[in-house]
Amino acid sequence: MNQDQVEGKLKEVGGKIQEGAGKLVDSKEQQAKGLANQAEGKLQGSVGDAKEAVKDAVDDLHRPTTTTTTTRP
């Protein structure tokens with residue numbers, strides 16, 4: 001897990017809390033801000049997922065491959 005994935009998840013959770021608090025106090029503004037934070041968190045998490053996929057692909061390219069040879073009698 002990379003920093004973008006972690007921060008994205010935290011923003012998403014924080015947004016859910018903010019949205020819930022907005023509902024409790026009947027504040028449409030806080031609900032909207034909470035939803036916006038959730039969307040921002042999801043986007044940041046997706047960026048982190050993409051970075052992780054690229055990193056894994058690069059790591060796979062640099063990993064030595066093992067080849068098996070078949071000997072014939």
# chains A, B, ... in the order shown; residues from 1 in each chain; ligands from 1

$ residues_around --residues "Ile17 (chain A)" --least-positions-apart "3" --cutoff "12 Å" --atoms "only C-alpha atoms" --output "ChimeraX atom specification"
/A:10-14,20-24,30-35,37-38

$ residues_around --residues "Lys42 (chain A)" --least-positions-apart "3" --cutoff "8 Å" --atoms "only C-alpha atoms" --output "mmCIF file with N, CA and C atoms, in the first residue's frame"
data_model
loop_
_atom_site.group_PDB
_atom_site.id
_atom_site.type_symbol
_atom_site.label_atom_id
_atom_site.label_comp_id
_atom_site.auth_asym_id
_atom_site.auth_seq_id
_atom_site.Cartn_x
_atom_site.Cartn_y
_atom_site.Cartn_z
ATOM 1 N N GLY A 8 -5.907 8.522 0.520
ATOM 2 C CA GLY A 8 -7.207 8.476 -0.134
ATOM 3 C C GLY A 8 -8.261 7.825 0.750
ATOM 4 N N LYS A 9 -7.884 6.721 1.371
ATOM 5 C CA LYS A 9 -8.827 6.026 2.255
ATOM 6 C C LYS A 9 -9.173 6.902 3.457
ATOM 7 N N GLU A 12 -11.573 9.555 2.376
ATOM 8 C CA GLU A 12 -12.880 8.939 2.130
ATOM 9 C C GLU A 12 -13.626 8.717 3.450
ATOM 10 N N GLN A 38 -15.224 12.541 0.024
ATOM 11 C CA GLN A 38 -15.278 11.114 -0.313
ATOM 12 C C GLN A 38 -14.837 10.897 -1.756
ATOM 13 N N ALA A 39 -15.332 11.741 -2.660
ATOM 14 C CA ALA A 39 -14.966 11.623 -4.072
ATOM 15 C C ALA A 39 -13.474 11.873 -4.264
ATOM 16 N N GLY A 45 -7.183 7.449 -4.035
ATOM 17 C CA GLY A 45 -6.951 6.019 -3.888
ATOM 18 C C GLY A 45 -6.740 5.335 -5.229
ATOM 19 N N SER A 46 -7.497 5.759 -6.237
ATOM 20 C CA SER A 46 -7.337 5.195 -7.579
ATOM 21 C C SER A 46 -5.979 5.551 -8.170
#

$ decode --residues "region 9-54 of chain A" --atoms "N, CA and C atoms" --output "compact mmCIF listing (two decimals), in the first residue's frame"
# COMPACT_ATOMS: atom_id res chain seq x y z
N LYS A 9 -7.88 6.72 1.37
CA LYS A 9 -8.83 6.03 2.25
C LYS A 9 -9.17 6.90 3.46
N LEU A 10 -8.18 7.60 4.01
CA LEU A 10 -8.45 8.49 5.14
C LEU A 10 -9.39 9.63 4.76
N LYS A 11 -9.18 10.21 3.57
CA LYS A 11 -10.07 11.28 3.11
C LYS A 11 -11.49 10.74 2.91
N GLU A 12 -11.57 9.55 2.38
CA GLU A 12 -12.88 8.94 2.13
C GLU A 12 -13.63 8.72 3.45
N VAL A 13 -12.94 8.17 4.43
CA VAL A 13 -13.55 7.92 5.74
C VAL A 13 -13.92 9.25 6.41
N GLY A 14 -13.00 10.22 6.33
CA GLY A 14 -13.28 11.53 6.90
C GLY A 14 -14.48 12.18 6.24
N GLY A 15 -14.62 12.00 4.95
CA GLY A 15 -15.76 12.54 4.23
C GLY A 15 -17.07 11.90 4.66
N LYS A 16 -17.03 10.60 4.91
CA LYS A 16 -18.24 9.91 5.39
C LYS A 16 -18.65 10.44 6.76
N ILE A 17 -17.65 10.67 7.61
CA ILE A 17 -17.94 11.22 8.94
C ILE A 17 -18.52 12.62 8.81
N GLN A 18 -17.91 13.43 7.94
CA GLN A 18 -18.39 14.80 7.76
C GLN A 18 -19.80 14.81 7.18
N GLU A 19 -20.07 13.93 6.25
CA GLU A 19 -21.42 13.84 5.68
C GLU A 19 -22.42 13.45 6.77
N GLY A 20 -22.06 12.46 7.57
CA GLY A 20 -22.95 12.03 8.66
C GLY A 20 -23.20 13.13 9.67
N ALA A 21 -22.14 13.87 10.00
CA ALA A 21 -22.31 14.99 10.93
C ALA A 21 -23.22 16.05 10.33
N GLY A 22 -23.08 16.28 9.05
CA GLY A 22 -23.95 17.24 8.37
C GLY A 22 -25.40 16.83 8.41
N LYS A 23 -25.64 15.54 8.28
CA LYS A 23 -27.01 15.05 8.37
C LYS A 23 -27.56 15.23 9.77
N LEU A 24 -26.71 14.99 10.78
CA LEU A 24 -27.16 15.13 12.17
C LEU A 24 -27.58 16.56 12.51
N VAL A 25 -26.81 17.51 12.00
CA VAL A 25 -27.12 18.92 12.31
C VAL A 25 -27.93 19.59 11.20
N ASP A 26 -28.36 18.79 10.24
CA ASP A 26 -29.16 19.27 9.11
C ASP A 26 -28.46 20.38 8.33
N SER A 27 -27.19 20.13 8.01
CA SER A 27 -26.40 21.10 7.25
C SER A 27 -26.10 20.52 5.87
N LYS A 28 -26.78 21.05 4.87
CA LYS A 28 -26.56 20.60 3.49
C LYS A 28 -25.13 20.90 3.05
N GLU A 29 -24.59 22.01 3.56
CA GLU A 29 -23.22 22.39 3.19
C GLU A 29 -22.21 21.36 3.68
N GLN A 30 -22.33 20.91 4.92
CA GLN A 30 -21.42 19.91 5.46
C GLN A 30 -21.60 18.57 4.77
N GLN A 31 -22.83 18.24 4.43
CA GLN A 31 -23.08 16.99 3.70
C GLN A 31 -22.38 17.04 2.34
N ALA A 32 -22.51 18.17 1.66
CA ALA A 32 -21.88 18.31 0.34
C ALA A 32 -20.36 18.26 0.45
N LYS A 33 -19.80 18.92 1.46
CA LYS A 33 -18.36 18.88 1.65
C LYS A 33 -17.89 17.45 1.95
N GLY A 34 -18.69 16.74 2.72
CA GLY A 34 -18.36 15.35 3.03
C GLY A 34 -18.36 14.48 1.78
N LEU A 35 -19.36 14.68 0.94
CA LEU A 35 -19.43 13.92 -0.31
C LEU A 35 -18.26 14.27 -1.23
N ALA A 36 -17.90 15.55 -1.26
CA ALA A 36 -16.76 15.98 -2.08
C ALA A 36 -15.46 15.34 -1.56
N ASN A 37 -15.30 15.29 -0.25
CA ASN A 37 -14.10 14.67 0.32
C ASN A 37 -14.06 13.17 0.01
N GLN A 38 -15.22 12.54 0.02
CA GLN A 38 -15.28 11.11 -0.31
C GLN A 38 -14.84 10.90 -1.76
N ALA A 39 -15.33 11.74 -2.66
CA ALA A 39 -14.97 11.62 -4.07
C ALA A 39 -13.47 11.87 -4.26
N GLU A 40 -12.95 12.88 -3.58
CA GLU A 40 -11.52 13.18 -3.66
C GLU A 40 -10.70 12.01 -3.14
N GLY A 41 -11.15 11.42 -2.04
CA GLY A 41 -10.45 10.28 -1.48
C GLY A 41 -10.46 9.09 -2.41
N LYS A 42 -11.58 8.83 -3.04
CA LYS A 42 -11.66 7.71 -3.99
C LYS A 42 -10.72 7.94 -5.16
N LEU A 43 -10.69 9.18 -5.66
CA LEU A 43 -9.81 9.51 -6.78
C LEU A 43 -8.34 9.33 -6.38
N GLN A 44 -7.97 9.83 -5.21
CA GLN A 44 -6.60 9.69 -4.75
C GLN A 44 -6.24 8.22 -4.55
N GLY A 45 -7.18 7.45 -4.03
CA GLY A 45 -6.95 6.02 -3.89
C GLY A 45 -6.74 5.34 -5.23
N SER A 46 -7.50 5.76 -6.24
CA SER A 46 -7.34 5.20 -7.58
C SER A 46 -5.98 5.55 -8.17
N VAL A 47 -5.53 6.78 -7.92
CA VAL A 47 -4.19 7.18 -8.37
C VAL A 47 -3.15 6.29 -7.70
N GLY A 48 -3.33 6.05 -6.41
CA GLY A 48 -2.42 5.16 -5.69
C GLY A 48 -2.44 3.75 -6.25
N ASP A 49 -3.62 3.27 -6.61
CA ASP A 49 -3.73 1.93 -7.20
C ASP A 49 -2.96 1.86 -8.52
N ALA A 50 -3.09 2.92 -9.33
CA ALA A 50 -2.40 2.95 -10.61
C ALA A 50 -0.88 2.99 -10.41
N LYS A 51 -0.44 3.80 -9.46
CA LYS A 51 1.00 3.85 -9.16
C LYS A 51 1.51 2.49 -8.72
N GLU A 52 0.73 1.83 -7.90
CA GLU A 52 1.13 0.51 -7.40
C GLU A 52 1.21 -0.50 -8.55
N ALA A 53 0.26 -0.43 -9.48
CA ALA A 53 0.26 -1.34 -10.62
C ALA A 53 1.49 -1.11 -11.51
N VAL A 54 1.83 0.16 -11.72
CA VAL A 54 3.02 0.47 -12.52
C VAL A 54 4.28 -0.02 -11.81
